[in-house]
Amino acid sequence: MNRSAELQAEKVGAFTQAVEARLRSVADFKGSKVTVALSGGADSVALCHFIATRALCYGISVKAAHLNHGLRGAESDGDEQFVRDFCAGLGIPLVCEKLSWQPGAHPGENTLRSLRYDFLWRAAEDGLLLTAHTLTDNCETLLLHIARGTRLGGMRGIPACSGRLLRPMIGLTRADIESYCADNQLAYRTDSTNLTEQYARNRIRHTVLAGLESVNPAAQKAMLGWVNEAEELYQYIDSEVTALLVRAAVPDDGTPSPDEAAAPSGNAEKVHTAASRDPLVPSRQPVGRFYARTFQEAPPVLVRYALNRLLSPYGDSSAARLAAAEKAVYQGGAVDWCDGVRLKCEKGLITLTGFSRQQESAPQQNTPNFEIPLAQGLWQPVPWLQLTVRKLVRQGGEQDDILFLEEKTDKILKINKKDLKFCLDYDIILRYSQLRGQQALPNTPVIRLRQAGDTFCPGAGRGTKTLKKWLNEIGCPVLLRQRLPLVAFDHTVIWLAQSGAACDYAANSQSSAVWVLDWQINKDNEE
């Protein structure tokens with residue numbers, strides 16, 4: 001074997017070794033049904049080729065799944081045709097679907113990701129789903145988390161395995177993948193949008209990650225070491241936190257001193273369920289009680305993580321809030337955690353008590369909920385709330401103002417571009433409704449009031465948050481929170497009064513039609 005052949009064998013061997021090591025860690029991989037997400041790019045082409053050529057060895061059935069997003073015209077269709085030819089050459093089935101959009105539609109990254117995974121899981125049915133995430137993707141995610149603010153949990157990056165979702169190439173760089181494609185003479189497609197600065201991930205890749213590699217060419221491998229160590233540290237701290245909470249939990253059958261309590265094993269279940277109960281309980285019954293002395297004698301870092309585990313389900317666990325809770329543990333006092341739980345430390349006990357600030361400041365108001373399918377009209381679902389919903393069709397316009405025609409009245413209206421964030425893009429909602437209908441899911445967004453479990457994505461790199469956390473961040477008055485109308489698919493809030501449309505559903509200057517919602521609360525009519 002000449003040196004060139006030896007080098008090629010080393011490259012292929014390193015790729016094979018890395019991928020097979022990940023697959024061996026999945027106990028039920030052999031003999032399973034496997035679906036590979038195939039975009040046509042180098043990463044997914046390499047993974048699909050590797051899995052398909054070893055199907056007999058693994059005893060698996062393999063198929064590929066490709067979603068044509070339909071946003072790049074002929075380029076998207078070219079990707080689809082390439083994938084069809086590639087799968088035909090490998091002799092594996094392909095499940096393919098194409099999205100259609102109205103001209104000028106610009107769905108956000110989160111919308112496309114949601115639609116993509118909806119499709120991929122339908123294609124995978126009850127089998128395993130393999131995606132071609134790489135170490136480069138992992139590094140980009142880690143840097144995004146750092147830029148947006150994260151704790152140790154976010155420093156773990158993208159997991160190699162999440163239930164039936166496997167990422168066997170998560171330890172390989174894009175350079176490793178491209179070498180595999182070259183060694184196996186595999187052609188692939190390049191998404192032109194990856195070369196732009198339109199998306200935050202692209203900017204991280206082109207600027208931040210490239211800058212780090214100019215300092216250290218092996219920067220990605222170095223970051224992999226940190227991700228792996230962060231995972232080990234997280235698991236260790238998590239186990240220590242569990243042990244601390246078990247030791248500190250007050251038994252249900254009394255309150256002996258910490259010296260007398262021997263941490264009964266039955267407390268473990270109590271520790272895990274205490275922070276998962278509904279915080280908006282009408283009574284002031286404790287949802288968790290712990291010995292303060294046990295906390296105070298533990299390392300501060302464990303106290304901080306223990307408080308985060310106990311309190312984060314109830315709302316924003318920012319550094320400032322955790323610092324206030326930590327101060328209460330060591331010095332005594334109370335901290336109101338958003339609109340759900342009060343942490344109090346007195347007489348040697350730390351108590352988490354469910355309460356509602358509405359009860360604290362005013363008589364409890366029984367706010368009836370309602371559900372109105374999103375449609376044009378004047379609505380008054382409760383005496384104190386009035387809603388006006390209009391569908392507007394774009395008629396043109398220049399510079400800052402865009403002209404829209406109100407369908408019901410034929411009246412021409414001007415909307416400033418900056419105000420479009422308060423409007424919903426009609427075509428995006430229509431397409432998402434159609435896809436939900438194909439999955440036998442409720443496919444009409446509804447207007448209603450807040451419910452437990454609601455989430456909202458405000459945009460501007462802030463990610464998806466619980467609605468409770470978002471309302472806390474914007475300082476929404478407590479008495480108003482249960483009265484704000486919103487529009488939602490299930491618990492995904494796509495429009496919220498005061499905040500406007502969620503990032504992936506907001507109208508923009510290219511939208512061909514929009515939903516406009518106006519609302520008014522009349523306090524004189526409140527019951």
# chains A, B, ... in the order shown; residues from 1 in each chain; ligands from 1
$ residues_around --residues "stretch 393-395 of chain A" --least-positions-apart "3" --cutoff "6 Å" --atoms "only C-alpha atoms" --output "number ranges by chain"
A: 403-405, 512-513
$ write_last_selection --atoms "N, CA and C atoms" --output "PDB file, in the first residue's frame"
ATOM      1  N   LEU A 403     -49.445  49.756   1.974  1.00  0.00           N
ATOM      2  CA  LEU A 403     -50.888  49.850   1.782  1.00  0.00           C
ATOM      3  C   LEU A 403     -51.517  48.465   1.858  1.00  0.00           C
ATOM      4  N   PHE A 404     -52.604  48.370   2.623  1.00  0.00           N
ATOM      5  CA  PHE A 404     -53.353  47.129   2.746  1.00  0.00           C
ATOM      6  C   PHE A 404     -54.833  47.404   2.490  1.00  0.00           C
ATOM      7  N   LEU A 405     -55.507  46.431   1.905  1.00  0.00           N
ATOM      8  CA  LEU A 405     -56.950  46.512   1.668  1.00  0.00           C
ATOM      9  C   LEU A 405     -57.660  45.668   2.718  1.00  0.00           C
ATOM     10  N   SER A 512     -47.914  39.050   1.980  1.00  0.00           N
ATOM     11  CA  SER A 512     -48.979  39.347   1.019  1.00  0.00           C
ATOM     12  C   SER A 512     -50.322  39.574   1.696  1.00  0.00           C
ATOM     13  N   ALA A 513     -50.472  39.074   2.936  1.00  0.00           N
ATOM     14  CA  ALA A 513     -51.704  39.286   3.698  1.00  0.00           C
ATOM     15  C   ALA A 513     -51.372  39.156   5.181  1.00  0.00           C
TER      16      ALA A 513
END
$ residues_around --residues "A:Ile429" --least-positions-apart "5" --cutoff "10 Å" --atoms "only C-alpha atoms" --output "ChimeraX atom specification"
/A:107,424,434-435,443-445,489,494,504-506,514-515
$ write_last_selection --atoms "N, CA, C and O atoms" --output "mmCIF file, in the first residue's frame"
data_model
loop_
_atom_site.group_PDB
_atom_site.id
_atom_site.type_symbol
_atom_site.label_atom_id
_atom_site.label_comp_id
_atom_site.auth_asym_id
_atom_site.auth_seq_id
_atom_site.Cartn_x
_atom_site.Cartn_y
_atom_site.Cartn_z
ATOM 1 N N PRO A 107 -40.600 32.530 6.319
ATOM 2 C CA PRO A 107 -40.736 31.908 7.634
ATOM 3 C C PRO A 107 -39.415 31.940 8.388
ATOM 4 O O PRO A 107 -38.341 31.882 7.796
ATOM 5 N N LEU A 424 -49.934 39.286 12.321
ATOM 6 C CA LEU A 424 -49.621 37.892 11.999
ATOM 7 C C LEU A 424 -49.574 37.715 10.491
ATOM 8 O O LEU A 424 -50.425 38.226 9.757
ATOM 9 N N GLN A 434 -52.408 23.858 7.476
ATOM 10 C CA GLN A 434 -52.548 22.740 6.545
ATOM 11 C C GLN A 434 -51.719 21.539 6.986
ATOM 12 O O GLN A 434 -52.185 20.398 6.935
ATOM 13 N N LEU A 435 -50.497 21.795 7.429
ATOM 14 C CA LEU A 435 -49.642 20.695 7.876
ATOM 15 C C LEU A 435 -50.204 20.027 9.128
ATOM 16 O O LEU A 435 -50.159 18.798 9.261
ATOM 17 N N ASN A 443 -56.259 22.381 13.624
ATOM 18 C CA ASN A 443 -55.505 23.188 12.664
ATOM 19 C C ASN A 443 -55.989 24.624 12.537
ATOM 20 O O ASN A 443 -55.636 25.315 11.583
ATOM 21 N N THR A 444 -56.773 25.082 13.477
ATOM 22 C CA THR A 444 -57.206 26.478 13.473
ATOM 23 C C THR A 444 -56.704 27.149 14.738
ATOM 24 O O THR A 444 -57.019 26.702 15.844
ATOM 25 N N PRO A 445 -55.910 28.204 14.622
ATOM 26 C CA PRO A 445 -55.468 28.902 15.829
ATOM 27 C C PRO A 445 -56.664 29.542 16.526
ATOM 28 O O PRO A 445 -57.621 29.969 15.876
ATOM 29 N N PHE A 489 -51.741 27.989 18.782
ATOM 30 C CA PHE A 489 -51.937 26.607 18.358
ATOM 31 C C PHE A 489 -51.604 25.754 19.581
ATOM 32 O O PHE A 489 -50.452 25.725 20.033
ATOM 33 N N ILE A 494 -48.792 32.332 19.346
ATOM 34 C CA ILE A 494 -48.254 32.964 18.144
ATOM 35 C C ILE A 494 -48.517 34.473 18.117
ATOM 36 O O ILE A 494 -47.947 35.183 17.299
ATOM 37 N N ASP A 504 -41.641 33.705 14.568
ATOM 38 C CA ASP A 504 -41.791 32.984 13.309
ATOM 39 C C ASP A 504 -43.129 33.229 12.629
ATOM 40 O O ASP A 504 -43.380 32.693 11.546
ATOM 41 N N TYR A 505 -43.999 33.999 13.252
ATOM 42 C CA TYR A 505 -45.324 34.226 12.689
ATOM 43 C C TYR A 505 -45.583 35.705 12.398
ATOM 44 O O TYR A 505 -46.648 36.059 11.898
ATOM 45 N N ALA A 506 -44.623 36.557 12.700
ATOM 46 C CA ALA A 506 -44.809 37.990 12.505
ATOM 47 C C ALA A 506 -44.797 38.348 11.025
ATOM 48 O O ALA A 506 -44.045 37.778 10.234
ATOM 49 N N VAL A 514 -52.140 39.854 6.024
ATOM 50 C CA VAL A 514 -51.851 39.849 7.459
ATOM 51 C C VAL A 514 -53.149 39.792 8.250
ATOM 52 O O VAL A 514 -54.221 40.158 7.762
ATOM 53 N N TRP A 515 -53.030 39.280 9.479
ATOM 54 C CA TRP A 515 -54.088 39.390 10.473
ATOM 55 C C TRP A 515 -53.729 40.551 11.408
ATOM 56 O O TRP A 515 -52.611 40.639 11.898
#
$ closest_residue --among "A:Leu209, A:Val389, A:Val341, A:Ile428" --to "A:Ala507" --atoms "only C-alpha atoms"
A:Ile428
$ residues_around --residues "A:Lys98" --least-positions-apart "2" --cutoff "12 Å" --atoms "only C-alpha atoms" --output "PyMOL selection string"
chain A and resi 65-73+76-77+79-81+95-96+100-101+115-116+119+431+435
$ write_last_selection --atoms "N, CA, C and O atoms" --output "PDB file, in the first residue's frame"
ATOM      1  N   ALA A  65     -35.265  10.535   4.284  1.00  0.00           N
ATOM      2  CA  ALA A  65     -36.390  11.479   4.291  1.00  0.00           C
ATOM      3  C   ALA A  65     -35.863  12.860   3.912  1.00  0.00           C
ATOM      4  O   ALA A  65     -34.883  13.325   4.476  1.00  0.00           O
ATOM      5  N   HIS A  66     -36.530  13.494   2.945  1.00  0.00           N
ATOM      6  CA  HIS A  66     -36.099  14.812   2.464  1.00  0.00           C
ATOM      7  C   HIS A  66     -37.283  15.754   2.423  1.00  0.00           C
ATOM      8  O   HIS A  66     -38.323  15.442   1.834  1.00  0.00           O
ATOM      9  N   LEU A  67     -37.126  16.925   3.051  1.00  0.00           N
ATOM     10  CA  LEU A  67     -38.156  17.960   3.002  1.00  0.00           C
ATOM     11  C   LEU A  67     -37.663  19.100   2.124  1.00  0.00           C
ATOM     12  O   LEU A  67     -36.646  19.733   2.418  1.00  0.00           O
ATOM     13  N   ASN A  68     -38.378  19.335   1.033  1.00  0.00           N
ATOM     14  CA  ASN A  68     -38.083  20.468   0.157  1.00  0.00           C
ATOM     15  C   ASN A  68     -38.791  21.685   0.739  1.00  0.00           C
ATOM     16  O   ASN A  68     -40.005  21.806   0.677  1.00  0.00           O
ATOM     17  N   HIS A  69     -38.011  22.602   1.324  1.00  0.00           N
ATOM     18  CA  HIS A  69     -38.608  23.757   1.981  1.00  0.00           C
ATOM     19  C   HIS A  69     -39.269  24.711   0.991  1.00  0.00           C
ATOM     20  O   HIS A  69     -40.076  25.554   1.383  1.00  0.00           O
ATOM     21  N   GLY A  70     -38.917  24.608  -0.283  1.00  0.00           N
ATOM     22  CA  GLY A  70     -39.581  25.410  -1.299  1.00  0.00           C
ATOM     23  C   GLY A  70     -39.306  26.891  -1.230  1.00  0.00           C
ATOM     24  O   GLY A  70     -40.097  27.692  -1.731  1.00  0.00           O
ATOM     25  N   LEU A  71     -38.179  27.277  -0.626  1.00  0.00           N
ATOM     26  CA  LEU A  71     -37.896  28.702  -0.441  1.00  0.00           C
ATOM     27  C   LEU A  71     -36.841  29.232  -1.406  1.00  0.00           C
ATOM     28  O   LEU A  71     -36.636  30.444  -1.486  1.00  0.00           O
ATOM     29  N   ARG A  72     -36.135  28.315  -2.088  1.00  0.00           N
ATOM     30  CA  ARG A  72     -35.042  28.766  -2.962  1.00  0.00           C
ATOM     31  C   ARG A  72     -35.305  28.420  -4.423  1.00  0.00           C
ATOM     32  O   ARG A  72     -34.386  28.313  -5.221  1.00  0.00           O
ATOM     33  N   GLY A  73     -36.587  28.251  -4.754  1.00  0.00           N
ATOM     34  CA  GLY A  73     -36.976  28.043  -6.146  1.00  0.00           C
ATOM     35  C   GLY A  73     -36.308  26.849  -6.792  1.00  0.00           C
ATOM     36  O   GLY A  73     -36.348  25.718  -6.288  1.00  0.00           O
ATOM     37  N   SER A  76     -33.935  24.694  -4.632  1.00  0.00           N
ATOM     38  CA  SER A  76     -34.591  23.714  -3.763  1.00  0.00           C
ATOM     39  C   SER A  76     -35.027  22.491  -4.551  1.00  0.00           C
ATOM     40  O   SER A  76     -34.866  21.354  -4.100  1.00  0.00           O
ATOM     41  N   ASP A  77     -35.591  22.715  -5.725  1.00  0.00           N
ATOM     42  CA  ASP A  77     -36.008  21.585  -6.563  1.00  0.00           C
ATOM     43  C   ASP A  77     -34.801  20.773  -7.027  1.00  0.00           C
ATOM     44  O   ASP A  77     -34.874  19.549  -7.162  1.00  0.00           O
ATOM     45  N   ASP A  79     -32.079  20.354  -5.274  1.00  0.00           N
ATOM     46  CA  ASP A  79     -31.711  19.534  -4.122  1.00  0.00           C
ATOM     47  C   ASP A  79     -32.561  18.267  -4.068  1.00  0.00           C
ATOM     48  O   ASP A  79     -32.052  17.167  -3.820  1.00  0.00           O
ATOM     49  N   GLU A  80     -33.866  18.440  -4.291  1.00  0.00           N
ATOM     50  CA  GLU A  80     -34.772  17.292  -4.241  1.00  0.00           C
ATOM     51  C   GLU A  80     -34.413  16.263  -5.318  1.00  0.00           C
ATOM     52  O   GLU A  80     -34.377  15.054  -5.050  1.00  0.00           O
ATOM     53  N   GLN A  81     -34.155  16.720  -6.541  1.00  0.00           N
ATOM     54  CA  GLN A  81     -33.811  15.786  -7.607  1.00  0.00           C
ATOM     55  C   GLN A  81     -32.490  15.081  -7.309  1.00  0.00           C
ATOM     56  O   GLN A  81     -32.337  13.872  -7.557  1.00  0.00           O
ATOM     57  N   VAL A  95     -38.578   9.060   1.353  1.00  0.00           N
ATOM     58  CA  VAL A  95     -39.830   9.747   1.654  1.00  0.00           C
ATOM     59  C   VAL A  95     -39.577  11.231   1.425  1.00  0.00           C
ATOM     60  O   VAL A  95     -38.662  11.806   2.022  1.00  0.00           O
ATOM     61  N   CYS A  96     -40.378  11.837   0.549  1.00  0.00           N
ATOM     62  CA  CYS A  96     -40.117  13.221   0.162  1.00  0.00           C
ATOM     63  C   CYS A  96     -41.393  14.035   0.250  1.00  0.00           C
ATOM     64  O   CYS A  96     -42.486  13.539  -0.050  1.00  0.00           O
ATOM     65  N   SER A 100     -45.123  24.509   0.306  1.00  0.00           N
ATOM     66  CA  SER A 100     -45.461  25.570  -0.643  1.00  0.00           C
ATOM     67  C   SER A 100     -45.784  26.837   0.135  1.00  0.00           C
ATOM     68  O   SER A 100     -46.413  26.792   1.196  1.00  0.00           O
ATOM     69  N   TRP A 101     -45.335  27.965  -0.388  1.00  0.00           N
ATOM     70  CA  TRP A 101     -45.510  29.247   0.281  1.00  0.00           C
ATOM     71  C   TRP A 101     -46.042  30.272  -0.720  1.00  0.00           C
ATOM     72  O   TRP A 101     -45.804  30.167  -1.916  1.00  0.00           O
ATOM     73  N   LEU A 115     -41.455  22.560  11.306  1.00  0.00           N
ATOM     74  CA  LEU A 115     -42.052  21.871  10.160  1.00  0.00           C
ATOM     75  C   LEU A 115     -41.177  20.692   9.719  1.00  0.00           C
ATOM     76  O   LEU A 115     -41.687  19.627   9.358  1.00  0.00           O
ATOM     77  N   ARG A 116     -39.871  20.901   9.751  1.00  0.00           N
ATOM     78  CA  ARG A 116     -38.944  19.844   9.324  1.00  0.00           C
ATOM     79  C   ARG A 116     -39.043  18.621  10.234  1.00  0.00           C
ATOM     80  O   ARG A 116     -39.136  17.490   9.764  1.00  0.00           O
ATOM     81  N   PHE A 119     -42.252  16.625   9.844  1.00  0.00           N
ATOM     82  CA  PHE A 119     -42.155  15.736   8.689  1.00  0.00           C
ATOM     83  C   PHE A 119     -41.260  14.528   8.971  1.00  0.00           C
ATOM     84  O   PHE A 119     -41.605  13.388   8.653  1.00  0.00           O
ATOM     85  N   ARG A 431     -50.238  27.872   6.010  1.00  0.00           N
ATOM     86  CA  ARG A 431     -49.437  26.696   5.696  1.00  0.00           C
ATOM     87  C   ARG A 431     -49.276  25.789   6.919  1.00  0.00           C
ATOM     88  O   ARG A 431     -49.402  24.576   6.819  1.00  0.00           O
ATOM     89  N   LEU A 435     -50.497  21.795   7.429  1.00  0.00           N
ATOM     90  CA  LEU A 435     -49.642  20.695   7.876  1.00  0.00           C
ATOM     91  C   LEU A 435     -50.204  20.027   9.128  1.00  0.00           C
ATOM     92  O   LEU A 435     -50.159  18.798   9.261  1.00  0.00           O
TER      93      LEU A 435
END
$ select_by_dssp --residues "stretch 312-500 of chain A" --states "strand (DSSP E)" --output "number ranges by chain"
A: 333-337, 341-346, 349-354, 372-373, 377-382, 385-398, 401-406, 411-416, 424-425, 446-448, 455-456, 465-466, 486-489, 492-496, 500
$ atom_distance --atom1 "atom CA of A:Leu374" --atom2 "atom CA of A:Thr464"
22.5 Å
$ residues_around --residues "stretch 28-33 of chain A" --least-positions-apart "5" --cutoff "12 Å" --atoms "only C-alpha atoms" --output "PyMOL selection string"
chain A and resi 20-23+51-52+54-64+123-130+161+163-166+168
$ residues_around --residues "stretch 149-155 of chain A" --least-positions-apart "4" --cutoff "12 Å" --atoms "only C-alpha atoms" --output "ChimeraX atom specification"
/A:138-145,159,223-238,301,304-305,308-309,317-319,461-463
$ write_last_selection --atoms "N, CA, C and O atoms" --output "compact mmCIF listing (two decimals), in the first residue's frame"
# COMPACT_ATOMS: atom_id res chain seq x y z
N ASN A 138 -22.29 21.52 16.79
CA ASN A 138 -22.25 21.55 18.25
C ASN A 138 -21.52 22.79 18.76
O ASN A 138 -21.96 23.45 19.70
N CYS A 139 -20.39 23.11 18.13
CA CYS A 139 -19.62 24.29 18.53
C CYS A 139 -20.42 25.57 18.30
O CYS A 139 -20.40 26.49 19.12
N GLU A 140 -21.12 25.64 17.17
CA GLU A 140 -21.95 26.81 16.88
C GLU A 140 -23.05 26.96 17.92
O GLU A 140 -23.33 28.08 18.39
N THR A 141 -23.67 25.84 18.30
CA THR A 141 -24.72 25.88 19.31
C THR A 141 -24.15 26.33 20.65
O THR A 141 -24.76 27.15 21.35
N LEU A 142 -23.00 25.80 21.02
CA LEU A 142 -22.35 26.19 22.27
C LEU A 142 -22.08 27.69 22.29
O LEU A 142 -22.35 28.38 23.29
N LEU A 143 -21.55 28.23 21.19
CA LEU A 143 -21.25 29.66 21.13
C LEU A 143 -22.51 30.51 21.17
O LEU A 143 -22.53 31.58 21.79
N LEU A 144 -23.59 30.02 20.55
CA LEU A 144 -24.86 30.73 20.62
C LEU A 144 -25.37 30.77 22.06
O LEU A 144 -25.87 31.79 22.53
N HIS A 145 -25.26 29.63 22.76
CA HIS A 145 -25.70 29.58 24.15
C HIS A 145 -24.91 30.56 25.00
O HIS A 145 -25.47 31.26 25.85
N PRO A 159 -26.95 17.01 22.44
CA PRO A 159 -26.73 15.62 22.87
C PRO A 159 -26.59 14.68 21.70
O PRO A 159 -27.20 14.89 20.63
N MET A 223 -13.08 22.47 21.87
CA MET A 223 -14.42 22.73 22.39
C MET A 223 -15.17 21.43 22.67
O MET A 223 -15.97 21.36 23.61
N LEU A 224 -14.89 20.40 21.89
CA LEU A 224 -15.50 19.09 22.14
C LEU A 224 -15.07 18.59 23.52
O LEU A 224 -15.88 18.02 24.27
N GLY A 225 -13.78 18.79 23.85
CA GLY A 225 -13.31 18.39 25.17
C GLY A 225 -14.08 19.09 26.27
O GLY A 225 -14.43 18.47 27.29
N TRP A 226 -14.36 20.39 26.08
CA TRP A 226 -15.12 21.13 27.09
C TRP A 226 -16.55 20.62 27.17
O TRP A 226 -17.10 20.45 28.27
N VAL A 227 -17.18 20.36 26.02
CA VAL A 227 -18.57 19.87 26.01
C VAL A 227 -18.67 18.55 26.77
O VAL A 227 -19.57 18.34 27.59
N ASN A 228 -17.72 17.64 26.51
CA ASN A 228 -17.73 16.35 27.20
C ASN A 228 -17.53 16.52 28.70
O ASN A 228 -18.18 15.86 29.51
N GLU A 229 -16.60 17.41 29.07
CA GLU A 229 -16.35 17.64 30.49
C GLU A 229 -17.54 18.32 31.15
O GLU A 229 -17.88 18.02 32.30
N ALA A 230 -18.19 19.23 30.42
CA ALA A 230 -19.38 19.90 30.96
C ALA A 230 -20.48 18.88 31.23
O ALA A 230 -21.20 18.98 32.24
N GLU A 231 -20.61 17.89 30.34
CA GLU A 231 -21.61 16.84 30.56
C GLU A 231 -21.29 16.04 31.82
O GLU A 231 -22.18 15.75 32.64
N GLU A 232 -20.02 15.67 31.99
CA GLU A 232 -19.62 14.92 33.17
C GLU A 232 -19.85 15.74 34.45
O GLU A 232 -20.35 15.22 35.46
N LEU A 233 -19.45 17.02 34.41
CA LEU A 233 -19.65 17.89 35.56
C LEU A 233 -21.14 18.05 35.88
O LEU A 233 -21.54 18.03 37.06
N TYR A 234 -21.94 18.21 34.84
CA TYR A 234 -23.37 18.41 35.03
C TYR A 234 -23.99 17.18 35.70
O TYR A 234 -24.77 17.30 36.65
N GLN A 235 -23.63 15.98 35.20
CA GLN A 235 -24.18 14.75 35.78
C GLN A 235 -23.74 14.59 37.23
O GLN A 235 -24.52 14.16 38.08
N TYR A 236 -22.48 14.92 37.51
CA TYR A 236 -21.99 14.80 38.87
C TYR A 236 -22.71 15.78 39.81
O TYR A 236 -23.18 15.40 40.89
N ILE A 237 -22.78 17.04 39.39
CA ILE A 237 -23.45 18.06 40.22
C ILE A 237 -24.92 17.70 40.40
O ILE A 237 -25.49 17.85 41.50
N ASP A 238 -25.54 17.21 39.34
CA ASP A 238 -26.95 16.85 39.42
C ASP A 238 -27.18 15.75 40.46
O ASP A 238 -28.14 15.79 41.23
N VAL A 301 -21.97 26.11 45.74
CA VAL A 301 -22.35 25.80 44.36
C VAL A 301 -23.50 24.80 44.32
O VAL A 301 -24.39 24.90 43.47
N ARG A 304 -26.72 26.63 45.14
CA ARG A 304 -27.18 27.41 43.99
C ARG A 304 -27.91 26.51 42.99
O ARG A 304 -28.99 26.85 42.50
N TYR A 305 -27.33 25.35 42.69
CA TYR A 305 -27.96 24.45 41.73
C TYR A 305 -29.22 23.82 42.31
O TYR A 305 -30.19 23.55 41.57
N ASN A 308 -31.90 26.36 41.99
CA ASN A 308 -32.30 26.46 40.59
C ASN A 308 -33.24 25.32 40.21
O ASN A 308 -34.24 25.52 39.53
N ARG A 309 -32.92 24.10 40.69
CA ARG A 309 -33.80 22.97 40.36
C ARG A 309 -35.17 23.14 41.00
O ARG A 309 -36.20 22.84 40.40
N SER A 317 -35.22 31.96 36.30
CA SER A 317 -34.19 31.67 37.30
C SER A 317 -32.90 32.40 36.91
O SER A 317 -31.86 31.78 36.71
N SER A 318 -33.00 33.71 36.78
CA SER A 318 -31.84 34.50 36.42
C SER A 318 -30.85 34.53 37.57
O SER A 318 -31.16 34.16 38.71
N ALA A 319 -29.63 34.99 37.30
CA ALA A 319 -28.59 35.05 38.32
C ALA A 319 -29.03 35.94 39.48
O ALA A 319 -28.77 35.62 40.65
N GLY A 461 -33.21 36.69 19.12
CA GLY A 461 -32.25 35.79 19.74
C GLY A 461 -32.59 35.37 21.15
O GLY A 461 -31.74 34.84 21.86
N ARG A 462 -33.83 35.59 21.59
CA ARG A 462 -34.18 35.29 22.98
C ARG A 462 -34.66 33.86 23.18
O ARG A 462 -34.84 33.42 24.31
N GLY A 463 -34.91 33.13 22.10
CA GLY A 463 -35.35 31.75 22.23
C GLY A 463 -36.80 31.64 22.70
O GLY A 463 -37.48 32.63 22.95
$ residues_around --residues "A:Trp379" --least-positions-apart "5" --cutoff "8 Å" --atoms "only C-alpha atoms" --output "JSON, numbers by chain"
{"A": [386, 387, 388]}
$ closest_residue --among "A:Val382, A:Asn522, A:Ile372, A:Gly41" --to "A:Ala488" --atoms "only C-alpha atoms"
A:Ile372
$ atom_distance --atom1 "atom CA of A:Leu486" --atom2 "atom CA of A:Arg450"
7.2 Å
$ atom_distance --atom1 "atom CA of A:Leu352" --atom2 "atom CA of A:Phe290"
8.7 Å
